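The block underneath contains the structure these notes are about, expressed in structure tokens.
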Amino acid sequence: MEMLNMVKEQGMLLKLCWKCALKILFSISTETSLELLLEDLCLGQYYREKLSLSKILEIDEKAVSDEPAKCKSDLPWFSLKKLMMVNLTARNLKCTSMSKQNFNDKSGSTDLDIGNLLDGLNTVDMLNPLDIITALFLCSDGFLQQELALKMSTCQFSVPLLLPNCDTNQCTLMLWAMRDIVKKYRPQSLSESKGFIEDRIVFSELPMISFVRLGECSLSKSEILNKLLSNSQQYHDTFVHHNMECGDSPRRISNGLTEITWYLPCGNKNIDVFSEPVAIANLRGDIASFDTQYSFLCQTSAAVFVFFDHLDSECSLLNSHRGQIFLVGNNDSKRLNSEALNKVAKELGLTNNNIIIRTKKQNNADFIQLLREKVIDAVENSNTKMSIEQMADIAHKLGILVDEDSPECQKAKKNAEEVTGEIQDILKYKENQLPLQGEIWKELTCLETEEYRLQHIGSTNVEDYKSRLRLQKHELRKKQNSYDMSTAMKYITNAISCPRTERSYFLKWMRMNLNKVSRIKLSKLKEKYKEKCKNSENNEEIKEIDRQISNSSLGTEHFFREMGQIYEASLSLPKTDPERPQLQHLPKLCAEVLLDGFPLELVDGDASHIPLRWVSDVLSQLSDLVSPNRKIRVVTVLGVQGTGKSTLLNTMFGVQFAVSSGRCTRGAFMLLIKINEDMKKVLNCDFMLIIDTEGLKSPELAQLDNSYEHDNELATLVVGLSDVTIVNVAMENSTDMKDILQIVVHAFLRMKEVGKKSKCLFVHQNVSDVSAHDNNSRDRKLLLEQLNEMTQAAAKMEKKEENKSFTDVMEYSPDTGNWYIPGLWNGNPPMAPVNAGYSEAVYELKKHIIQLLGNTESSAYDILDFKDWMISMWNAVKHENFIFSFRNSLVADAYMRLCTEFNKWEWEFKREMYTWVTSAETSISNFGKVAVETDIREFLTCWKSAASTVLSTWEAKLQKNLTEYFKKTESHADLIERYREEFSNSAKSLRKEIERSVNNQLTAAAEIRQGMVELDKIKENYTKEIEKAVCALIDECREKNVQMDETDLDKEFDKMWNETVKKLSVSKQNTTNVFTSVTTFLRINLSHRGSHACELLNQKSLDNCGEQPFKYTAEGYINRFKHKLSKIFSVQDHIMAIQKLSEDIIFVCTHFVSEKVKRKLNYSDTYIEEILRLIDETLQNNQDIKTDIEFEVSLKQHICGFAAREFQKMHEDFIQTNDPYRCLEKNKEKFCDDFKDVFHKRDQCQKKAEEFTNKCLKPAVEDFINRFLGQDIIDEMLRCKEFETRMSFQYSVLLDLLSQDDFQNYFDYIWSFDIGVFKMIGNQIVKHFSSASTFKYEDKHLQSCITSIQQAIKKAKTGKTNDFKAFIEDICKALGKKLVISQDALGAFMILNNADLGQFDEFLTMSVQDMTKNLTETLKKTCIEAKLQHLHMSPQLELSSKMIGCGKQCPFCKASCVAGGKYHTEHFASLHQPQGLSKCTWNTTTKLATDICSSLVTTKKYFNCNATKGKYQPYKNYKKFFPNWKITPDVSPEASDYWKYVMAKYNNEFAKLYVVQPADIPTGWIEITKQQAKESLKHSFNIKWG
Ligand SMILES: Nc1nc2c(ncn2[C@@H]2O[C@H](COP(=O)(O)OP(=O)(O)OP(=O)(O)O)[C@@H](O)[C@H]2O)c(=O)[nH]1
Ligand SMILES: [Mg+2]
């Protein structure tokens, strides 16, 4: 077998030489073999411009594709990907094209051809793994090299010590590349004490044994070395060797490569091959050609083993270098020349001891054992121990380059040493150099938390207490500011302002140096911590160790933390302070560092707190640095302490979170990974943010220092932030598991409340069986059961019992949600390589996560969204309050957007229905005028059913809009999913509301029309009589044949008129008694309220009601509740509430009445029905205000009384105007004129045309405009920002109040919000349209009328009629759907008409033109106030009802509800106000109270009121009494600045008006400026504009 190998090898060598020769002959001679190889691998460009680490970390298609390497150029990437995931197969580099070529028999025949077989497989196209590794190192920058070396050594691969460059013939000592390798081992000496040594390998002074080859050698040196290093149980390929996949391919660029590896003992004699650590170096290639490398090895090694087959007798090479030399020969090889060996040995002064010859008798194991013994001897006999760092000097002397020599690296090194060189005692150093983050910061965090939670408030009043906290915070910030920036911090800020490469070097150096400083102490402490943790009785000790760990750790994060504090403190400096601007660039620096891929501390591990301002400003800067709207997805890991969370993330993403045994990660770190272009589409994002968190502790540990709470906070925060949460479960320990699951379930439950849908994966570590997934199906069931159980428990605690199972809380499938990962190490550390199964399992998990992210329905956040979200999450966590949706700006934003949209749809619907109903009304009003139609009742029924169809279509459209909206991802609709139902209900109710109003309008129109039909008939008869009489008179006069002058004619006419009228059976029209009708309806309305109501109704006649202003006296109320009333919630307050309610109702009804009266129509019963409904509805909506039947009856009587009075008058007016006799009289003059015209046979054409235009058409056109202008005005107003939603409206109102800053206005706002809003909207409309004219809308309607009229004329003309009457009727018919032409005017116009039809239409067209001109002028001249008077739809009423919404007010402070849709189930206000503003005083004094309910609801303070039946109840439980209200705690201490400002300013005025004492204004309120008030307003309403 060995024979065959040798033959093959030699054959290959020959082939290689031949090939090289060919290349030299035929290829372009300028191409070197390095260039050729790099070209083969497609790496050429990276030789010039090195590959960077961040490029490799990017997530691209390759990162998740399982495709094997197809061609040579795939190989380096394939290898890199595997290496970054510490996969042992990273050096198995064969591409599919090679294997195919090899295994496909070329001839395809089944013939026997031994020759071909003996020839061997074609290996020329294969690449030696060493070449690929060398190429990769040559093409990487320092950081990637370092990472590669680290990952290789974790795999227990040898790493390059001297990297050759066959082009320049120079080699480089890879010192920097190896700097990150840290090794831990236990030498013999420490095995008793169980101690260990942990060090950076480049610092370790170890004996090095080098293995080199001289000339040809038939022994595979590398394979022998591998065997030498492996113990008997486990063989591992440390070095690439001949018999590995592709290991036999010729080496093209890697000759001269010197690799190094370390053997490190674990302290167990039975396992350890060597009991002391040794370094093993291996030179590739013949030392004859690599003299420099050989000299280097001789000078640095304790011994050099030279493998050879054949020795020249004068071996000068060996002679020239001094050092312990061992010769290793193979007696199998025919070429061993014992004479030469003898000579050389003598020359070198070697004894038998130093010569090892493998004999035929020896088997492999014996030979290896012999070698080991020699190595041990050599180590023992030599004092040469050297660290790699020390080797740099020797390298320099030999002209070997050192990778660290680049100027950037050197400069960074120097800078870092300036900082770290100073460090003696870490604790002291931190006190001196990083003073801001010590006790001051911890105190600050406590204050901040207290500001939210108010746990120690005691009996102090809330706002005073809060002011005090604010002041204390300010003092602490001042103290922070009193420190000058320390020298260390100055150095750091300077150094990270350097260009990118230098900055990266600097940070790396810092990290390594700091690590060195704290390593010894820390690693011992951590080990101790781990020990103690095993036994939970050592609580106190553990706590102490934990404290020590915290004190002794010093990492780069501490410096950034300090930077954050310097920045935050500087913000509290006055804006004019010269220091301030100098520190404003810090977030940007930090953002750059984050973008470079360094982790940033999100949660401070010591203080367990987020420096919110700092982190959010860094994120804002980050958002500026990348292009706008870059999206991110977040992946987080959670789990018990020390269960390999950081290791998992590192393996998965190739990153470097701190890893070590014992308490390691503290707080939470985030790290940014770029997504490559090719994956952006798939993942819908540009970056992935991964968050590594501090391990959750076991319950025993947790109880002591309250860290359970801390764990809960941390878990909630990161679960809330992430799209995918990996929950790391170590199977061994089920109590730990249960505990963390509990924490996680709570966190998920809360997130569901917020509407954030994150996904979770359970990772079970240390489960290695192949059948794990199957076997564990029972376990998974068990896990799910446990999860369900915990969900129920958690749901109970959080009062969300509807969540019964875990899957209710989140998307989780037991099958895809569980991942099993085998143990990390294959064997015994430190010599154990990473388990290939581990890496593969993690890779599968990674693919799954990326797939999950790609499938996520919700849209990714951009960086600024993420920032907002983080702030909200943190606020929520600090509030311990997860019913916080509206304090979460993203949710609030999403809600606002939906409200805006919904308002638009709602208005569209209303508008469309209004147009529809207007044209229906027109048709009804024209009923029976032209042609005799059927019964009007039937006609009405038709219209009503048509209405129902239209309404259904629109309702469906609304629902569809809503569904579509929730499908869209970009508006974050998923966050407000829970409001969907409410909006859907609102849509349904809206339809009902509109349907009712449409039906009422149609009914009223029909009723009125019916009344008119009768009248019209009478009028028609009258006019006919008159016409007859006039005609007779004309005939009579003509017959007289005497000249008659005007006076004669007048006289004759008068006579005739009087006679005719006398003859007419003029019956005066009866008026109905509206009062009777209204009384009947009121009685029906109250009939189901019992006999008492009836009694009360009978006591008073409606005629006497509603004359005096309504006054509620509360007699019945006082009698009934006398004994229960408490002092504070007094009768007075109750009376006030009811009085206010009744005033609101009266206001609305008054408006309803005046709208009807304005239109000068007849009375319809629907009006009073509508009024009663309005009253009932409002009372129903305000059930929290307890009213009684006495109140209800008297209020209804009052309203019905005045309504009946108004309607009576309206009715009488209507009858009067439409009285046939009166109408006749009105037209007397006109008839007389017509009479004279006819008598004189004057042509009436022009006159009649004008009459028709002015009397019939013009009023109809004006009416048309008035019908529609209201809608246009609303349309335009709704386009203003402030009318978009209730929130924006309230914001603009409050802003307006602030700019006027007038006490009375504030007072009105608080006390009569609705009425105030109504008035204000009126003013706003007038203001708006005083500058912007309504003319464009009016003109549009005018033109449309004119067009219709013109068309009607044209159509009538083409009609074959010659009859004038028919002509006019045709016109009216054509216009019947659009215009309502007065029947009176038309009747009068029609008689005594001798106009000539031939010319009439021309005159008509002309006068219509005149009318247009005329109308245009009038419209332009008329002011908006006058126009508003005539509109059918009142914009003021419509808009104010839209903006007032449900009209609910906070039960504590009277802030108005801003929820969207009219029919929401939960009310909330954006901004609450101090209770004193609505007259509330303290219990004990008569001073106005300053408490704000949005603060109170977080405290255990008490309130009492009617709802609590006078009992004291904690504010925390307010929901029990006001279940429809949601009062969320303030987002920030500044949130209520607006009202604080108002209260501080008008304290005395309010007190005077309420006849109580002014409040004691808390400190700090007075200082709030108008500007601050304004800003707080914007913030509280989450307004992004203005
Ligand atoms: N035997 C074994 N050791 C592991 C495994 N995973 C990680 N380790 C080792 O456990 C130690 C702790 O790993 P880390 O990744 O720092 O653990 P962590 O969960 O991040 O720890 P904290 O951040 O302190 O909570 C390291 O020394 C790892 O090498 C594993 O699967 N098996
Ligand atoms: Mg960790």
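Each chain in the structure tokens gets a letter, A, B and so on, in the order shown; residues start at 1 in every chain, and ligands are counted from 1 in the order they appear.
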
Practice prompt. List all protein, DNA and RNA residues that have at least one atom no more than 8 Å from any atom of ligand 2, counting only C-alpha atoms and all ligand atoms, and write them as number ranges by chain.
Written response: A: 641-642, 644-647, 657-660, 663-666, 692-695

For Arg186 (chain A): contacts at 8 Å, only C-alpha atoms, fewer than 2 positions along chain excluded, given as a PyMOL selection string: chain A and resi 184+188-191+194-197+264-267

Let's have the selection written as an mmCIF file, in the first residue's frame, with C-alpha atoms.
```cif
data_model
loop_
_atom_site.group_PDB
_atom_site.id
_atom_site.type_symbol
_atom_site.label_atom_id
_atom_site.label_comp_id
_atom_site.auth_asym_id
_atom_site.auth_seq_id
_atom_site.Cartn_x
_atom_site.Cartn_y
_atom_site.Cartn_z
ATOM 1 C CA LYS A 184 -7.291 27.481 29.172
ATOM 2 C CA GLN A 188 0.318 18.724 35.995
ATOM 3 C CA SER A 189 1.357 21.089 38.732
ATOM 4 C CA LEU A 190 -2.166 22.392 39.173
ATOM 5 C CA SER A 191 -4.027 19.143 38.823
ATOM 6 C CA LYS A 194 -7.919 22.042 40.397
ATOM 7 C CA GLY A 195 -6.410 25.306 39.376
ATOM 8 C CA PHE A 196 -6.004 26.315 35.795
ATOM 9 C CA ILE A 197 -4.199 28.713 33.576
ATOM 10 C CA LEU A 264 -2.603 21.687 26.256
ATOM 11 C CA PRO A 265 -3.176 19.238 29.086
ATOM 12 C CA CYS A 266 -6.376 18.934 31.072
ATOM 13 C CA GLY A 267 -4.682 17.673 34.190
#
```

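Taking region 825-857 of chain A and asking which residues DSSP calls helix (DSSP H, G or I) on the backbone, you get Ala836, Gly837, Tyr838, Ser839, Glu840, Ala841, Val842, Tyr843, Glu844, Leu845, Lys846, Lys847, His848, Ile849, Ile850, Gln851, Leu852, Leu853, Gly854 and Asn855 of chain A.
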
Just the selected residues (C-alpha atoms), exported as a PDB file, in the first residue's frame, please.
```
ATOM      1  CA  ALA A 836     -19.310  19.093  14.010  1.00  0.00           C
ATOM      2  CA  GLY A 837     -22.850  18.192  15.005  1.00  0.00           C
ATOM      3  CA  TYR A 838     -23.086  21.352  17.071  1.00  0.00           C
ATOM      4  CA  SER A 839     -22.088  23.546  14.216  1.00  0.00           C
ATOM      5  CA  GLU A 840     -24.415  21.790  11.805  1.00  0.00           C
ATOM      6  CA  ALA A 841     -27.362  21.977  14.180  1.00  0.00           C
ATOM      7  CA  VAL A 842     -26.751  25.665  14.766  1.00  0.00           C
ATOM      8  CA  TYR A 843     -26.569  26.151  11.032  1.00  0.00           C
ATOM      9  CA  GLU A 844     -29.948  24.496  10.573  1.00  0.00           C
ATOM     10  CA  LEU A 845     -31.324  26.769  13.274  1.00  0.00           C
ATOM     11  CA  LYS A 846     -29.879  29.779  11.543  1.00  0.00           C
ATOM     12  CA  LYS A 847     -31.545  28.821   8.289  1.00  0.00           C
ATOM     13  CA  HIS A 848     -34.801  28.374  10.100  1.00  0.00           C
ATOM     14  CA  ILE A 849     -34.547  31.759  11.756  1.00  0.00           C
ATOM     15  CA  ILE A 850     -33.846  33.462   8.476  1.00  0.00           C
ATOM     16  CA  GLN A 851     -36.771  31.681   6.925  1.00  0.00           C
ATOM     17  CA  LEU A 852     -38.975  32.769   9.824  1.00  0.00           C
ATOM     18  CA  LEU A 853     -37.919  36.351   9.397  1.00  0.00           C
ATOM     19  CA  GLY A 854     -38.617  36.153   5.703  1.00  0.00           C
ATOM     20  CA  ASN A 855     -42.107  34.870   6.378  1.00  0.00           C
TER      21      ASN A 855
END
```

re CA of Ala1469 (chain A) and CA of Ser1494 (chain A): distance 9.8 Å

**Message:** Show me, as an MDAnalysis selection string, the residues that have an atom within 12 Å of Glu1020 (chain A) when counting only C-alpha atoms, minus same-chain residues fewer than 4 positions from it.
**Reply:** chainID A and resid 929 1012:1016 1024:1027 1220:1221 1223:1224 1383:1391

Keeping N, CA, C and O atoms for every residue in the selection just given, could you write it to a file as a short mmCIF file (atom, residue, chain, number, x, y, z; two decimals), in the first residue's frame?
```cif
data_model
loop_
_atom_site.label_atom_id
_atom_site.label_comp_id
_atom_site.auth_asym_id
_atom_site.auth_seq_id
_atom_site.Cartn_x
_atom_site.Cartn_y
_atom_site.Cartn_z
N LYS A 929 -96.05 66.82 -9.42
CA LYS A 929 -96.11 68.19 -9.96
C LYS A 929 -96.35 68.15 -11.45
O LYS A 929 -97.15 68.91 -11.97
N MET A 1012 -98.59 69.47 0.74
CA MET A 1012 -98.55 70.47 -0.31
C MET A 1012 -99.44 70.10 -1.49
O MET A 1012 -99.96 70.98 -2.17
N VAL A 1013 -99.61 68.82 -1.73
CA VAL A 1013 -100.40 68.40 -2.90
C VAL A 1013 -101.80 69.03 -2.81
O VAL A 1013 -102.30 69.62 -3.77
N GLU A 1014 -102.37 68.93 -1.63
CA GLU A 1014 -103.70 69.49 -1.39
C GLU A 1014 -103.70 70.98 -1.69
O GLU A 1014 -104.51 71.49 -2.47
N LEU A 1015 -102.75 71.66 -1.07
CA LEU A 1015 -102.64 73.11 -1.25
C LEU A 1015 -102.47 73.47 -2.71
O LEU A 1015 -103.10 74.40 -3.23
N ASP A 1016 -101.58 72.74 -3.35
CA ASP A 1016 -101.31 73.04 -4.76
C ASP A 1016 -102.57 72.97 -5.60
O ASP A 1016 -102.80 73.77 -6.50
N LYS A 1024 -106.84 79.33 -11.85
CA LYS A 1024 -107.67 79.07 -13.03
C LYS A 1024 -108.88 80.00 -13.04
O LYS A 1024 -109.24 80.58 -14.07
N GLU A 1025 -109.52 80.14 -11.88
CA GLU A 1025 -110.69 81.02 -11.76
C GLU A 1025 -110.32 82.43 -12.17
O GLU A 1025 -111.00 83.08 -12.96
N ILE A 1026 -109.21 82.88 -11.62
CA ILE A 1026 -108.77 84.24 -11.91
C ILE A 1026 -108.52 84.38 -13.41
O ILE A 1026 -108.95 85.34 -14.05
N GLU A 1027 -107.83 83.39 -13.96
CA GLU A 1027 -107.52 83.45 -15.39
C GLU A 1027 -108.80 83.59 -16.21
O GLU A 1027 -108.90 84.41 -17.13
N PRO A 1220 -103.36 79.71 0.19
CA PRO A 1220 -103.71 79.97 -1.21
C PRO A 1220 -104.18 81.41 -1.43
O PRO A 1220 -103.82 82.04 -2.41
N TYR A 1221 -104.96 81.88 -0.48
CA TYR A 1221 -105.49 83.24 -0.64
C TYR A 1221 -104.35 84.26 -0.64
O TYR A 1221 -104.26 85.13 -1.46
N CYS A 1223 -101.29 83.71 -1.34
CA CYS A 1223 -100.48 83.56 -2.55
C CYS A 1223 -101.14 84.30 -3.71
O CYS A 1223 -100.46 84.94 -4.52
N LEU A 1224 -102.44 84.18 -3.74
CA LEU A 1224 -103.18 84.85 -4.80
C LEU A 1224 -102.98 86.36 -4.70
O LEU A 1224 -102.66 87.03 -5.69
N GLN A 1383 -93.86 75.70 -7.00
CA GLN A 1383 -95.13 75.45 -7.67
C GLN A 1383 -95.93 76.74 -7.77
O GLN A 1383 -96.59 76.99 -8.76
N ASP A 1384 -95.83 77.56 -6.74
CA ASP A 1384 -96.51 78.86 -6.73
C ASP A 1384 -96.12 79.70 -7.92
O ASP A 1384 -96.95 80.17 -8.68
N ALA A 1385 -94.84 79.89 -8.00
CA ALA A 1385 -94.31 80.77 -9.03
C ALA A 1385 -94.66 80.22 -10.40
O ALA A 1385 -95.03 80.96 -11.31
N LEU A 1386 -94.56 78.91 -10.53
CA LEU A 1386 -94.83 78.30 -11.82
C LEU A 1386 -96.30 78.51 -12.21
O LEU A 1386 -96.60 78.89 -13.35
N GLY A 1387 -97.19 78.29 -11.22
CA GLY A 1387 -98.61 78.47 -11.48
C GLY A 1387 -98.90 79.89 -11.96
O GLY A 1387 -99.59 80.09 -12.96
N ALA A 1388 -98.36 80.84 -11.26
CA ALA A 1388 -98.58 82.24 -11.61
C ALA A 1388 -98.02 82.56 -12.98
O ALA A 1388 -98.56 83.34 -13.74
N PHE A 1389 -96.89 81.92 -13.26
CA PHE A 1389 -96.24 82.18 -14.54
C PHE A 1389 -97.06 81.66 -15.71
O PHE A 1389 -97.12 82.24 -16.77
N MET A 1390 -97.70 80.53 -15.45
CA MET A 1390 -98.35 79.85 -16.55
C MET A 1390 -99.58 80.58 -17.08
O MET A 1390 -99.91 80.47 -18.25
N ILE A 1391 -100.27 81.31 -16.21
CA ILE A 1391 -101.52 81.90 -16.70
C ILE A 1391 -101.27 83.20 -17.45
O ILE A 1391 -100.22 83.82 -17.32
#
```

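In this comparison, which uses only C-alpha atoms, the residue of A:Tyr1309, A:Phe687, A:Phe239, A:Phe1289 approaching Gln1324 (chain A) most closely is A:Phe1289.
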
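Counting only C-alpha atoms, Ile1175 (chain A) has the following residues at most 8 Å away, ignoring those fewer than 4 positions along the same chain: A:Ile1145, A:Ile1171, A:Leu1179, A:Lys1196.
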
Restricting it to all heavy atoms, dump the selection as a tab-separated table (two decimals), in the first residue's frame.
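Okay, this is what ended up in part.tsv:
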```
chain	number	residue	atom	x	y	z
A	1145	ILE	N	-77.10	68.41	26.34
A	1145	ILE	CA	-78.21	67.85	25.57
A	1145	ILE	C	-79.07	68.97	25.00
A	1145	ILE	O	-79.44	68.97	23.82
A	1145	ILE	CB	-79.08	66.92	26.45
A	1145	ILE	CG1	-78.23	65.75	26.95
A	1145	ILE	CG2	-80.28	66.41	25.68
A	1145	ILE	CD1	-78.95	64.81	27.90
A	1171	ILE	N	-85.62	64.19	18.15
A	1171	ILE	CA	-85.17	64.89	19.35
A	1171	ILE	C	-85.22	63.96	20.56
A	1171	ILE	O	-84.26	63.87	21.34
A	1171	ILE	CB	-86.04	66.15	19.59
A	1171	ILE	CG1	-85.64	67.22	18.58
A	1171	ILE	CG2	-85.88	66.67	21.02
A	1171	ILE	CD1	-86.44	68.49	18.68
A	1179	LEU	N	-78.40	60.22	27.22
A	1179	LEU	CA	-78.53	59.73	28.60
A	1179	LEU	C	-77.96	58.32	28.72
A	1179	LEU	O	-77.26	58.00	29.68
A	1179	LEU	CB	-80.01	59.73	29.02
A	1179	LEU	CG	-80.63	61.11	29.26
A	1179	LEU	CD1	-82.11	60.98	29.61
A	1179	LEU	CD2	-79.90	61.85	30.39
A	1196	LYS	N	-86.89	66.31	29.48
A	1196	LYS	CA	-87.60	66.07	28.22
A	1196	LYS	C	-88.72	67.08	28.03
A	1196	LYS	O	-88.96	67.57	26.93
A	1196	LYS	CB	-88.14	64.64	28.19
A	1196	LYS	CG	-87.05	63.63	27.87
A	1196	LYS	CD	-87.57	62.22	27.79
A	1196	LYS	CE	-86.43	61.26	27.39
A	1196	LYS	NZ	-86.83	59.87	27.53
```

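CA of Ser232 (chain A) sits 14.6 Å away from CA of Tyr263 (chain A).
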
Atom pair CA of Leu594 (chain A) + CA of Leu619 (chain A), distance 9.3 Å

Give me the residues near region 500-511 of chain A as JSON, numbers by chain, where near means some atom within 8 Å (using only C-alpha atoms) and where sequence neighbours in that chain fewer than 2 positions away do not count. {"A": [408, 409, 411, 412, 413, 415, 416, 417, 420, 495, 496, 497, 498, 513, 514, 515, 555, 556, 596]}
